[in-house]
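*Asks:* Got a file for you: data.pdb, PDB, C-alpha atoms and all ligand atoms.
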ATOM      1  CA  MET A  27      41.307  16.962 -22.496
ATOM      2  CA  THR A  28      44.307  17.560 -20.356
ATOM      3  CA  GLN A  29      47.528  18.024 -22.208
ATOM      4  CA  ARG A  30      50.819  16.997 -20.614
ATOM      5  CA  PRO A  31      52.967  20.018 -19.800
ATOM      6  CA  SER A  32      55.957  20.475 -22.092
ATOM      7  CA  VAL A  33      59.459  21.254 -20.890
ATOM      8  CA  LEU A  34      62.065  22.662 -23.239
ATOM      9  CA  ILE A  35      65.641  21.639 -22.498
ATOM     10  CA  VAL A  36      68.429  23.531 -24.230
ATOM     11  CA  ASP A  37      72.089  22.563 -24.191
ATOM     12  CA  ASP A  38      74.768  22.432 -26.843
ATOM     13  CA  ARG A  39      76.156  19.158 -25.463
ATOM     14  CA  PRO A  40      74.211  15.967 -26.148
ATOM     15  CA  GLU A  41      75.349  14.329 -22.937
ATOM     16  CA  ASN A  42      73.914  17.220 -20.926
ATOM     17  CA  LEU A  43      70.584  16.891 -22.754
ATOM     18  CA  ILE A  44      70.515  13.193 -21.940
ATOM     19  CA  ALA A  45      71.292  13.928 -18.304
ATOM     20  CA  LEU A  46      68.393  16.387 -18.178
ATOM     21  CA  GLU A  47      66.070  13.877 -19.815
ATOM     22  CA  VAL A  48      66.985  11.306 -17.214
ATOM     23  CA  LEU A  49      66.324  13.763 -14.426
ATOM     24  CA  LEU A  50      62.946  14.602 -15.911
ATOM     25  CA  GLU A  51      61.902  10.959 -16.295
ATOM     26  CA  SER A  52      59.943  10.978 -13.074
ATOM     27  CA  PHE A  53      57.736  13.825 -14.311
ATOM     28  CA  ASP A  54      54.684  13.349 -16.480
ATOM     29  CA  VAL A  55      55.879  15.855 -19.052
ATOM     30  CA  GLU A  56      56.649  16.027 -22.721
ATOM     31  CA  ILE A  57      60.321  16.803 -23.261
ATOM     32  CA  VAL A  58      61.419  18.884 -26.226
ATOM     33  CA  SER A  59      65.157  19.285 -26.639
ATOM     34  CA  ALA A  60      67.206  21.817 -28.524
ATOM     35  CA  SER A  61      70.957  21.880 -29.030
ATOM     36  CA  SER A  62      71.248  25.565 -29.795
ATOM     37  CA  GLY A  63      69.665  28.881 -28.968
ATOM     38  CA  GLU A  64      68.232  29.187 -32.462
ATOM     39  CA  GLU A  65      66.633  25.763 -32.273
ATOM     40  CA  ALA A  66      65.189  26.608 -28.860
ATOM     41  CA  LEU A  67      63.552  29.772 -30.190
ATOM     42  CA  ALA A  68      62.113  27.858 -33.138
ATOM     43  CA  HIS A  69      60.450  25.400 -30.736
ATOM     44  CA  THR A  70      58.850  28.174 -28.722
ATOM     45  CA  LEU A  71      57.006  29.291 -31.835
ATOM     46  CA  ASP A  72      54.887  26.149 -32.105
ATOM     47  CA  HIS A  73      54.898  24.889 -28.525
ATOM     48  CA  GLU A  74      53.629  26.113 -25.253
ATOM     49  CA  PHE A  75      56.134  25.365 -22.524
ATOM     50  CA  ALA A  76      55.648  25.032 -18.823
ATOM     51  CA  LEU A  77      59.362  25.548 -18.280
ATOM     52  CA  VAL A  78      62.624  26.125 -20.137
ATOM     53  CA  LEU A  79      65.852  24.680 -18.805
ATOM     54  CA  LEU A  80      68.442  26.806 -20.515
ATOM     55  CA  ASP A  81      72.173  26.250 -20.751
ATOM     56  CA  VAL A  82      74.008  29.540 -20.452
ATOM     57  CA  GLN A  83      77.157  28.722 -22.377
ATOM     58  CA  MET A  84      76.495  27.773 -25.945
ATOM     59  CA  PRO A  85      78.339  28.572 -29.143
ATOM     60  CA  GLY A  86      76.518  31.107 -31.279
ATOM     61  CA  MET A  87      73.526  32.418 -29.395
ATOM     62  CA  ASP A  88      74.089  31.914 -25.673
ATOM     63  CA  GLY A  89      71.477  31.337 -22.982
ATOM     64  CA  TYR A  90      71.226  35.014 -22.040
ATOM     65  CA  GLU A  91      70.459  36.016 -25.609
ATOM     66  CA  VAL A  92      67.805  33.321 -25.878
ATOM     67  CA  ALA A  93      66.247  34.541 -22.624
ATOM     68  CA  GLU A  94      66.303  38.130 -23.847
ATOM     69  CA  LEU A  95      64.526  37.184 -27.049
ATOM     70  CA  LEU A  96      61.958  35.104 -25.186
ATOM     71  CA  ARG A  97      61.225  38.001 -22.825
ATOM     72  CA  GLY A  98      60.870  40.345 -25.759
ATOM     73  CA  ASN A  99      58.145  38.269 -27.384
ATOM     74  CA  LYS A 100      54.555  38.582 -26.201
ATOM     75  CA  LYS A 101      53.849  34.884 -26.666
ATOM     76  CA  THR A 102      56.924  33.661 -24.788
ATOM     77  CA  LYS A 103      57.649  36.374 -22.271
ATOM     78  CA  SER A 104      56.046  34.619 -19.336
ATOM     79  CA  ILE A 105      57.572  31.171 -19.810
ATOM     80  CA  PRO A 106      59.591  30.410 -16.671
ATOM     81  CA  ILE A 107      63.295  29.916 -17.365
ATOM     82  CA  ILE A 108      65.834  28.105 -15.249
ATOM     83  CA  PHE A 109      69.393  28.825 -16.284
ATOM     84  CA  VAL A 110      71.610  25.792 -16.070
ATOM     85  CA  THR A 111      75.189  26.896 -15.871
ATOM     86  CA  ALA A 112      78.572  25.469 -15.204
ATOM     87  CA  ARG A 113      79.986  28.884 -14.624
ATOM     88  CA  SER A 114      81.256  30.009 -11.281
ATOM     89  CA  LYS A 115      78.619  31.272  -8.902
ATOM     90  CA  THR A 116      79.827  34.812  -9.182
ATOM     91  CA  GLU A 117      77.169  37.412  -8.500
ATOM     92  CA  HIS A 118      77.917  39.100 -11.770
ATOM     93  CA  HIS A 119      76.429  36.271 -13.776
ATOM     94  CA  ILE A 120      73.532  35.690 -11.511
ATOM     95  CA  PHE A 121      72.534  39.338 -11.763
ATOM     96  CA  ARG A 122      72.676  39.247 -15.528
ATOM     97  CA  GLY A 123      70.275  36.342 -15.541
ATOM     98  CA  TYR A 124      67.813  38.029 -13.201
ATOM     99  CA  GLU A 125      67.790  41.182 -15.266
ATOM    100  CA  LEU A 126      66.538  39.058 -18.131
ATOM    101  CA  GLY A 127      63.728  37.755 -15.989
ATOM    102  CA  ALA A 128      65.263  34.427 -15.059
ATOM    103  CA  VAL A 129      63.221  32.619 -12.542
ATOM    104  CA  ASP A 130      66.032  30.519 -11.170
ATOM    105  CA  TYR A 131      69.556  29.268 -11.473
ATOM    106  CA  MET A 132      70.930  25.781 -11.190
ATOM    107  CA  PHE A 133      74.527  24.774 -11.351
ATOM    108  CA  LYS A 134      76.096  21.852 -13.051
ATOM    109  CA  PRO A 135      76.513  19.159 -12.008
ATOM    110  CA  LEU A 136      72.842  19.129 -11.140
ATOM    111  CA  GLU A 137      71.806  17.862  -7.749
ATOM    112  CA  PRO A 138      68.820  15.527  -8.462
ATOM    113  CA  ILE A 139      66.821  16.332  -5.323
ATOM    114  CA  VAL A 140      67.190  20.089  -5.729
ATOM    115  CA  PHE A 141      66.539  19.837  -9.453
ATOM    116  CA  LYS A 142      63.367  17.790  -9.058
ATOM    117  CA  GLY A 143      62.097  20.031  -6.290
ATOM    118  CA  LYS A 144      62.496  23.139  -8.390
ATOM    119  CA  VAL A 145      61.087  21.653 -11.568
ATOM    120  CA  ASN A 146      58.146  20.291  -9.636
ATOM    121  CA  VAL A 147      57.204  23.759  -8.422
ATOM    122  CA  PHE A 148      57.039  25.068 -11.968
ATOM    123  CA  ILE A 149      55.106  22.122 -13.352
ATOM    124  CA  GLU A 150      52.530  22.468 -10.593
ATOM    125  CA  LEU A 151      52.231  26.190 -11.147
ATOM    126  CA  TYR A 152      51.707  25.572 -14.833
ATOM    127  CA  GLN A 153      49.042  22.950 -14.223
ATOM    128  CA  GLN A 154      47.182  25.195 -11.803
ATOM    129  CA  ARG A 155      47.254  28.032 -14.290
ATOM    130  CA  GLU A 156      46.036  25.759 -17.086
ATOM    131  CA  ALA A 157      43.199  24.411 -14.949
ATOM    132  CA  LEU A 158      42.153  27.956 -14.154
ATOM    133  CA  ARG A 159      42.335  28.928 -17.794
ATOM    134  CA  ARG A 160      40.185  25.943 -18.806
ATOM    135  CA  LYS A 161      37.613  26.791 -16.161
ATOM    136  CA  THR A 162      37.512  30.367 -17.349
ATOM    137  CA  ILE A 163      36.953  29.215 -20.922
ATOM    138  CA  GLU A 164      34.289  26.747 -19.776
ATOM    139  CA  SER A 165      32.372  29.358 -17.839
ATOM    140  CA  ASP A 166      32.657  31.791 -20.723
ATOM    141  CA  GLN A 167      31.205  29.123 -23.001
ATOM    142  CA  LYS A 168      28.446  28.333 -20.555
ATOM    143  CA  LEU A 169      27.623  31.991 -20.278
ATOM    144  CA  ALA A 170      27.476  32.293 -24.047
ATOM    145  CA  GLU A 171      25.255  29.198 -24.243
ATOM    146  CA  LEU A 172      22.971  30.606 -21.589
ATOM    147  CA  GLU A 173      22.702  33.890 -23.415
ATOM    148  CA  GLU A 174      21.879  32.059 -26.621
ATOM    149  CA  LEU A 175      19.236  29.961 -24.885
ATOM    150  CA  GLN A 176      17.758  33.072 -23.354
ATOM    151  CA  GLN A 177      17.572  34.668 -26.778
ATOM    152  CA  GLN A 178      15.956  31.568 -28.289
ATOM    153  CA  LEU A 179      13.418  31.533 -25.505
ATOM    154  CA  GLU A 180      12.521  35.143 -26.120
ATOM    155  CA  GLU A 181      12.146  34.508 -29.840
ATOM    156  CA  THR A 182       9.967  31.472 -29.197
ATOM    157  CA  ASN A 183       7.785  33.452 -26.830
ATOM    158  CA  GLU A 184       7.428  36.167 -29.411
ATOM    159  CA  GLN A 185       6.459  33.632 -32.060
ATOM    160  CA  LEU A 186       3.966  32.011 -29.734
ATOM    161  CA  LEU A 187       2.478  35.380 -29.031
ATOM    162  CA  MET A 188       2.286  36.062 -32.751
ATOM    163  CA  LEU A 189       0.713  32.707 -33.440
ATOM    164  CA  SER A 190      -1.773  33.067 -30.638
ATOM    165  CA  THR A 191      -5.227  34.003 -31.835
ATOM    166  CA  THR A 192      -6.622  34.930 -28.466
ATOM    167  CA  ASP A 193      -6.588  38.165 -26.537
ATOM    168  CA  GLY A 194      -5.081  37.303 -23.159
ATOM    169  CA  LEU A 195      -7.392  39.485 -21.123
ATOM    170  CA  THR A 196     -10.814  38.815 -22.579
ATOM    171  CA  GLY A 197     -10.369  35.477 -24.351
ATOM    172  CA  LEU A 198     -11.827  37.040 -27.511
ATOM    173  CA  TYR A 199      -9.947  36.923 -30.823
ATOM    174  CA  ASN A 200      -6.989  39.302 -30.847
ATOM    175  CA  LYS A 201      -6.287  42.023 -33.400
ATOM    176  CA  ARG A 202      -3.980  39.858 -35.480
ATOM    177  CA  CYS A 203      -6.589  37.129 -35.717
ATOM    178  CA  PHE A 204      -9.305  39.675 -36.430
ATOM    179  CA  GLU A 205      -7.384  40.933 -39.428
ATOM    180  CA  GLN A 206      -6.967  37.406 -40.712
ATOM    181  CA  ILE A 207     -10.663  36.532 -40.311
ATOM    182  CA  PHE A 208     -11.675  39.857 -41.824
ATOM    183  CA  ALA A 209      -9.514  39.179 -44.890
ATOM    184  CA  GLU A 210     -10.906  35.649 -45.223
ATOM    185  CA  GLU A 211     -14.522  36.799 -44.891
ATOM    186  CA  TRP A 212     -13.901  39.569 -47.394
ATOM    187  CA  GLU A 213     -12.644  36.981 -49.871
ATOM    188  CA  ARG A 214     -15.596  34.726 -49.219
ATOM    189  CA  ALA A 215     -18.165  37.510 -49.576
ATOM    190  CA  SER A 216     -16.432  38.536 -52.797
ATOM    191  CA  ARG A 217     -16.679  35.014 -54.116
ATOM    192  CA  THR A 218     -20.257  34.333 -53.035
ATOM    193  CA  GLN A 219     -21.473  37.861 -53.827
ATOM    194  CA  THR A 220     -22.950  38.330 -50.360
ATOM    195  CA  SER A 221     -22.932  41.249 -47.940
ATOM    196  CA  LEU A 222     -20.324  41.627 -45.258
ATOM    197  CA  SER A 223     -20.829  43.888 -42.248
ATOM    198  CA  LEU A 224     -18.512  45.194 -39.630
ATOM    199  CA  ILE A 225     -19.326  46.653 -36.224
ATOM    200  CA  MET A 226     -16.685  48.638 -34.346
ATOM    201  CA  LEU A 227     -17.398  49.543 -30.742
ATOM    202  CA  ASP A 228     -15.506  51.495 -28.154
ATOM    203  CA  ILE A 229     -16.259  51.855 -24.446
ATOM    204  CA  ASP A 230     -17.064  55.472 -23.646
ATOM    205  CA  HIS A 231     -14.671  57.535 -21.516
ATOM    206  CA  PHE A 232     -12.667  54.459 -20.655
ATOM    207  CA  LYS A 233      -9.567  56.481 -19.815
ATOM    208  CA  LEU A 234     -11.545  58.209 -17.059
ATOM    209  CA  TYR A 235     -12.698  54.797 -15.849
ATOM    210  CA  ASN A 236      -9.076  53.640 -15.554
ATOM    211  CA  ASP A 237      -7.977  56.909 -13.971
ATOM    212  CA  THR A 238     -10.728  56.677 -11.378
ATOM    213  CA  PHE A 239     -10.813  52.987 -10.521
ATOM    214  CA  GLY A 240      -7.310  51.899 -11.561
ATOM    215  CA  HIS A 241      -6.160  49.589 -14.337
ATOM    216  CA  HIS A 242      -7.039  46.474 -12.406
ATOM    217  CA  LEU A 243     -10.742  47.323 -12.272
ATOM    218  CA  GLY A 244     -10.422  48.705 -15.802
ATOM    219  CA  ASP A 245      -9.391  45.220 -16.914
ATOM    220  CA  ASP A 246     -12.318  43.723 -15.006
ATOM    221  CA  CYS A 247     -14.673  46.082 -16.827
ATOM    222  CA  LEU A 248     -13.267  44.988 -20.207
ATOM    223  CA  LYS A 249     -13.670  41.340 -19.234
ATOM    224  CA  THR A 250     -17.265  41.865 -18.107
ATOM    225  CA  VAL A 251     -18.208  43.654 -21.337
ATOM    226  CA  ALA A 252     -16.452  40.981 -23.439
ATOM    227  CA  LYS A 253     -18.229  38.202 -21.588
ATOM    228  CA  ALA A 254     -21.616  39.898 -21.981
ATOM    229  CA  ILE A 255     -21.138  40.179 -25.747
ATOM    230  CA  SER A 256     -19.927  36.564 -25.988
ATOM    231  CA  ASN A 257     -22.966  35.378 -24.042
ATOM    232  CA  MET A 258     -25.350  37.050 -26.489
ATOM    233  CA  GLN A 259     -25.185  33.966 -28.651
ATOM    234  CA  LEU A 260     -24.724  35.649 -31.968
ATOM    235  CA  ARG A 261     -24.584  33.324 -34.944
ATOM    236  CA  GLU A 262     -21.717  30.845 -35.104
ATOM    237  CA  LEU A 263     -20.243  32.693 -38.075
ATOM    238  CA  ASP A 264     -20.177  36.081 -36.334
ATOM    239  CA  ARG A 265     -16.797  36.729 -34.795
ATOM    240  CA  ILE A 266     -15.968  39.080 -31.921
ATOM    241  CA  ALA A 267     -12.459  40.463 -31.399
ATOM    242  CA  ARG A 268     -10.729  42.881 -29.088
ATOM    243  CA  VAL A 269      -8.809  45.097 -31.481
ATOM    244  CA  GLY A 270      -7.539  47.808 -29.146
ATOM    245  CA  GLY A 271      -7.427  48.774 -25.471
ATOM    246  CA  GLU A 272     -11.193  49.303 -25.110
ATOM    247  CA  GLU A 273     -12.103  48.726 -28.732
ATOM    248  CA  PHE A 274     -13.933  45.683 -30.053
ATOM    249  CA  ALA A 275     -14.973  44.537 -33.512
ATOM    250  CA  ILE A 276     -17.686  42.177 -34.680
ATOM    251  CA  ILE A 277     -17.502  40.621 -38.130
ATOM    252  CA  LEU A 278     -20.914  39.697 -39.534
ATOM    253  CA  PRO A 279     -20.739  37.625 -42.725
ATOM    254  CA  ASP A 280     -23.790  37.423 -44.971
ATOM    255  CA  THR A 281     -25.355  40.381 -43.184
ATOM    256  CA  ASP A 282     -26.676  43.620 -44.680
ATOM    257  CA  GLN A 283     -27.030  47.090 -43.179
ATOM    258  CA  ALA A 284     -30.357  46.422 -41.461
ATOM    259  CA  GLY A 285     -29.140  43.214 -39.861
ATOM    260  CA  ALA A 286     -25.859  44.767 -38.731
ATOM    261  CA  GLU A 287     -27.582  47.809 -37.187
ATOM    262  CA  LEU A 288     -29.906  45.474 -35.327
ATOM    263  CA  VAL A 289     -27.020  43.502 -33.870
ATOM    264  CA  ALA A 290     -25.170  46.702 -32.900
ATOM    265  CA  GLU A 291     -28.259  48.030 -31.140
ATOM    266  CA  ARG A 292     -28.636  44.765 -29.227
ATOM    267  CA  VAL A 293     -25.017  44.861 -28.117
ATOM    268  CA  ARG A 294     -25.376  48.496 -27.047
ATOM    269  CA  LYS A 295     -28.350  47.555 -24.836
ATOM    270  CA  VAL A 296     -26.554  44.559 -23.361
ATOM    271  CA  ILE A 297     -23.710  46.836 -22.234
ATOM    272  CA  VAL A 298     -26.129  49.406 -20.802
ATOM    273  CA  ASP A 299     -27.978  46.647 -18.957
ATOM    274  CA  LEU A 300     -24.763  45.593 -17.202
ATOM    275  CA  GLN A 301     -25.160  48.824 -15.185
ATOM    276  CA  LEU A 302     -21.475  48.992 -14.397
ATOM    277  CA  PRO A 303     -20.968  52.207 -12.403
ATOM    278  CA  HIS A 304     -18.817  54.684 -14.309
ATOM    279  CA  SER A 305     -16.518  57.380 -13.019
ATOM    280  CA  GLU A 306     -18.424  60.502 -11.951
ATOM    281  CA  ALA A 307     -16.042  62.532 -14.074
ATOM    282  CA  SER A 308     -17.448  60.830 -17.177
ATOM    283  CA  GLY A 309     -20.782  62.560 -16.640
ATOM    284  CA  ARG A 310     -22.714  59.302 -16.964
ATOM    285  CA  ALA A 311     -23.895  56.866 -14.325
ATOM    286  CA  THR A 312     -22.977  53.614 -16.012
ATOM    287  CA  VAL A 313     -20.590  52.213 -18.597
ATOM    288  CA  THR A 314     -21.717  52.582 -22.212
ATOM    289  CA  ALA A 315     -20.191  52.108 -25.638
ATOM    290  CA  SER A 316     -20.293  53.875 -28.993
ATOM    291  CA  PHE A 317     -20.841  51.958 -32.222
ATOM    292  CA  GLY A 318     -19.889  52.320 -35.863
ATOM    293  CA  VAL A 319     -21.438  50.064 -38.493
ATOM    294  CA  SER A 320     -20.759  49.572 -42.175
ATOM    295  CA  SER A 321     -21.832  47.023 -44.799
ATOM    296  CA  VAL A 322     -20.833  46.234 -48.326
ATOM    297  CA  GLN A 323     -21.059  43.637 -51.003
ATOM    298  CA  PRO A 324     -17.380  43.298 -51.979
ATOM    299  CA  GLN A 325     -16.629  44.078 -55.613
ATOM    300  CA  ARG A 326     -13.631  43.311 -57.728
ATOM    301  CA  GLY A 327     -10.870  45.813 -57.100
ATOM    302  CA  LEU A 328     -12.381  46.993 -53.842
ATOM    303  CA  SER A 329     -10.209  46.894 -50.732
ATOM    304  CA  SER A 330     -11.463  45.561 -47.407
ATOM    305  CA  ARG A 331      -9.804  48.640 -45.952
ATOM    306  CA  TYR A 332     -12.764  50.749 -47.143
ATOM    307  CA  LEU A 333     -15.180  48.774 -45.011
ATOM    308  CA  ALA A 334     -12.975  49.053 -41.927
ATOM    309  CA  GLU A 335     -12.527  52.794 -42.499
ATOM    310  CA  ALA A 336     -16.262  53.361 -42.941
ATOM    311  CA  ALA A 337     -17.043  51.517 -39.695
ATOM    312  CA  ASP A 338     -14.324  53.540 -37.941
ATOM    313  CA  ASP A 339     -15.712  56.825 -39.273
ATOM    314  CA  ALA A 340     -19.188  55.807 -38.146
ATOM    315  CA  LEU A 341     -17.831  55.019 -34.661
ATOM    316  CA  TYR A 342     -16.317  58.499 -34.378
ATOM    317  CA  GLU A 343     -19.565  60.025 -35.451
ATOM    318  CA  SER A 344     -21.269  58.184 -32.581
ATOM    319  CA  LYS A 345     -18.636  59.615 -30.241
ATOM    320  CA  ARG A 346     -19.391  63.099 -31.520
ATOM    321  CA  ASN A 347     -23.131  62.512 -31.100
ATOM    322  CA  ASN A 348     -22.839  62.202 -27.320
ATOM    323  CA  ARG A 349     -21.847  58.524 -27.445
ATOM    324  CA  ASN A 350     -23.865  55.421 -26.425
ATOM    325  CA  CYS A 351     -25.399  55.161 -29.891
ATOM    326  CA  VAL A 352     -25.123  53.327 -33.205
ATOM    327  CA  THR A 353     -24.125  55.107 -36.435
ATOM    328  CA  PHE A 354     -24.108  53.574 -39.911
ATOM    329  CA  LYS A 355     -21.864  54.791 -42.668
ATOM    330  CA  ALA A 356     -21.944  53.437 -46.204
ATOM    331  CA  CYS A 357     -18.772  51.868 -47.462
ATOM    332  CA  MET A 358     -17.018  53.575 -50.331
ATOM    333  CA  THR A 359     -17.045  51.511 -53.527
ATOM    334  CA  SER A 360     -14.269  51.529 -56.052
ATOM    335  CA  TRP A 361     -16.031  53.159 -58.951
ATOM    336  CA  GLU A 362     -17.171  56.050 -56.781
ATOM    337  CA  HIS A 363     -13.567  56.443 -55.888
ATOM    338  CA  VAL A 364     -12.186  56.637 -59.444
TER     339      VAL A 364
HETATM  340 MG    MG A 401      77.015  24.588 -22.900
END
Rewrite the structure from the file as C-alpha cells, please.

*Replies:*
Amino acid sequence: MTQRPSVLIVDDRPENLIALEVLLESFDVEIVSASSGEEALAHTLDHEFALVLLDVQMPGMDGYEVAELLRGNKKTKSIPIIFVTARSKTEHHIFRGYELGAVDYMFKPLEPIVFKGKVNVFIELYQQREALRRKTIESDQKLAELEELQQQLEETNEQLLMLSTTDGLTGLYNKRCFEQIFAEEWERASRTQTSLSLIMLDIDHFKLYNDTFGHHLGDDCLKTVAKAISNMQLRELDRIARVGGEEFAIILPDTDQAGAELVAERVRKVIVDLQLPHSEASGRATVTASFGVSSVQPQRGLSSRYLAEAADDALYESKRNNRNCVTFKACMTSWEHV
C-alpha cells in the first residue's frame, strides 16, 4: 500500500497558500496547509511530510523559528524544508536559513518551472527512501517468518523423533518404546497374575571394538547382532529393543525364570555363532555379549523398576564373571522391602 507523499505548505496569507496549491497541482501529493508557524508544528505531529514549503515572514512565530523547532525534534529533524521568502536576496538571510538546516530557498513570486523542478527532486527522494524503507521492513518480516518456520520445523522433527518407536540404526524398538511396552506388560501381568521376565544384554568390550574398527563398523556390528536376534523367531509377544549404545532388552511376557534363562542362553549362542572378529585388545577372538535375567509375578504396590534393576544387576554380575554368560537375579518384592 503506497501512500501519497504529503507536502506541508505554510504561509500567513491565504492567497499565497492558494498559489502554492495551484503550483503543486501537477504533483501526486497530499497537500496540508497551515497559516501560522504554530499550526504548521501541530501538523508535523500527526503527519509525515516529504517536504515543507515554509514562508519566512509570518506574524508570531516566523519561518526560522518553525525550522529551528523542527530541527530540534527527533521526529521532524530530517524533513526537507524550502524557505519561501519575499525578502531581498541578501546573504544575511540566506545564511540564517542554512544554519537552521534549510535545504533550499525560493523567492516570491515563485517561478513555476524552477519551483516544480525543485519540488520534484524532493518528492522523488522521499519516494525512493520510502520504497527502501518498505523493502527493509519486508525483508525483516521475511527473515522473521523464516526463523519461525525453521523453529517449527525443528520442533516437528523433535516430536516425530519422540513419537517414533523405532531405533534408527537397528530397526528394533527404541528405548522410549521399550519403556512403554514394559509398563504395559507389567500392568497386564499384574492383572492376569502371570510372570513377566526381562533380559538385558550388552555387547562385550564394545568400546574397544569401536576404537579398533571405527564407529562405522561398530554400527554394522550392532546391526548384525540386532538382525540375528530378530531372526531367532521368538514368540510374537516377545519384544526386542535397543535401549542404549550396545545394550539391548528383551521383554518376555508370561515367562518364568526357567523360560527366560533358556531364551537368554539361546541368544548368547546366536551371537557367538556369528563369529564376528573382535578387536585383539579385547582379549577374545569374536564378539560376545553378557546377559542379565530377572522374572517376577507383579504384585500390588510393586514397581516395575525392581524388575529392571534386578536384570541390570544380573547383567553386571555377568560382566564381572568374565562376560559371555547369563546371570539370573531374583526381583525384589515389596514386602521384602518393607
Ligand atoms: Mg508571510

*Asks:* Between A:Ser104, A:Ser165, A:Ser308, A:Ser190, which has the minimum distance to Asn236 of chain A (counting all atoms listed in the file)?

*Replies:*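 Among the listed residues, A:Ser308 lies closest to Asn236 of chain A.
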
*Asks:* So what does the PyMOL selection byres (((chain A and resi 44-54) around 12) and not hetatm) actually pick up in this one, as a ChimeraX atom specification?

*Replies:* /A:28-43,55-61,76-81,110,132,134-150,153

*Asks:* Give me, please, the distance in Å between atom CA of Thr162 of chain A and atom CA of Lys100 of chain A, quoted to one decimal.

*Replies:* 20.9 Å

*Asks:* Hey, what's within 9 Å of Leu189 of chain A if we count all atoms listed in the file and toss same-chain stuff fewer than 3 positions away? As a ChimeraX atom specification, please?

*Replies:* /A:184-186,202-203

*Asks:* Apply the PyMOL selection byres (((chain A and resi 331) around 12) and not hetatm) to the file shown and report the selected residues as a PyMOL selection string.

*Replies:* chain A and resi 205+208-209+212+224+320+322+324+327-330+332-338+357-360

*Asks:* What does the structure give for the distance between atom CA of Val293 of chain A and atom CA of Thr191 of chain A, in Å to one decimal?

*Replies:*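 Here the two named atoms are 22.9 Å from each other.
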
*Asks:* What is the atom CA of Ile266 of chain A-atom CA of Thr238 of chain A distance in Å, reported with one decimal?

*Replies:*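 Calculated distance between atom CA of Ile266 of chain A and atom CA of Thr238 of chain A is 27.6 Å.
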
*Asks:* What do you get, as a VMD selection string, if you spell out every residue that the PyMOL selection byres (((chain A and resi 267) around 7) and not hetatm) selects here?

*Replies:* chain A and resid 198 to 201 204 265 to 266 268 to 269 274 to 276

*Asks:* Give me the residues within 8 Å of segment 246-249 of chain A as a PyMOL selection string, counting all atoms listed in the file and dropping any in the same chain fewer than 4 places off.

*Replies:* chain A and resi 195-196+242+253+272+302

*Asks:* With all atoms of segment 156-170 of chain A from the file as input, state the centre and edge lengths in Å to one decimal of the axis-aligned box that has 4 Å extra on each side, as lines of an AutoDock Vina configuration file.

*Replies:*
center_x = 36.8
center_y = 28.4
center_z = -19.1
size_x = 26.6
size_y = 15.9
size_z = 17.9

*Asks:* Would you pick out the contacts of segment 311-319 of chain A at 6 Å or less, using all atoms listed in the file, so that residues sharing its chain but fewer than 6 positions from it are not included, and give the list as a list in words?

*Replies:*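 Counting only the stated atoms, we get Leu224, Ile225, Met226, Leu227, Asp228, Ile229, Asp230, Val298, Gln301, Leu302, Pro303, His304, Ala337, Ala340, Leu341, Ser344, Arg349, Asn350, Cys351, Val352, Thr353 and Phe354 of chain A.
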
*Asks:* Which residue, A:Val129, A:Ala68, A:Met87, A:Ala93, has the smallest gap to ligand MG 401 (chain A) when you use all atoms listed in the file?

*Replies:* A:Met87

*Asks:* For Leu95 of chain A, which residue among A:Asp280, A:Glu64, A:Glu262, A:Glu306 is the nearest when counting all atoms listed in the file?

*Replies:*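 Answer, going by the shortest atom-to-atom distance: A:Glu64.
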
*Asks:* Restricting the calculation to only C-alpha atoms, which member of A:His231, A:Arg294, A:Lys103, A:Arg217 is positioned closest to Val251 of chain A?

*Replies:*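 So, comparing all the options, the nearest one is A:Arg294.
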
*Asks:* Between A:Asn99, A:Gln176, A:Thr111, A:Thr70, which is the closest to ligand MG 401 (chain A) once you count only C-alpha atoms and all ligand atoms?

*Replies:* A:Thr111

*Asks:* With distances taken over all atoms listed in the file, which of A:Asp299, A:Ile277, A:Ser305, A:Thr220 is nearest to Ala254 of chain A?

*Replies:*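 Smallest distance to Ala254 of chain A is found for A:Asp299.
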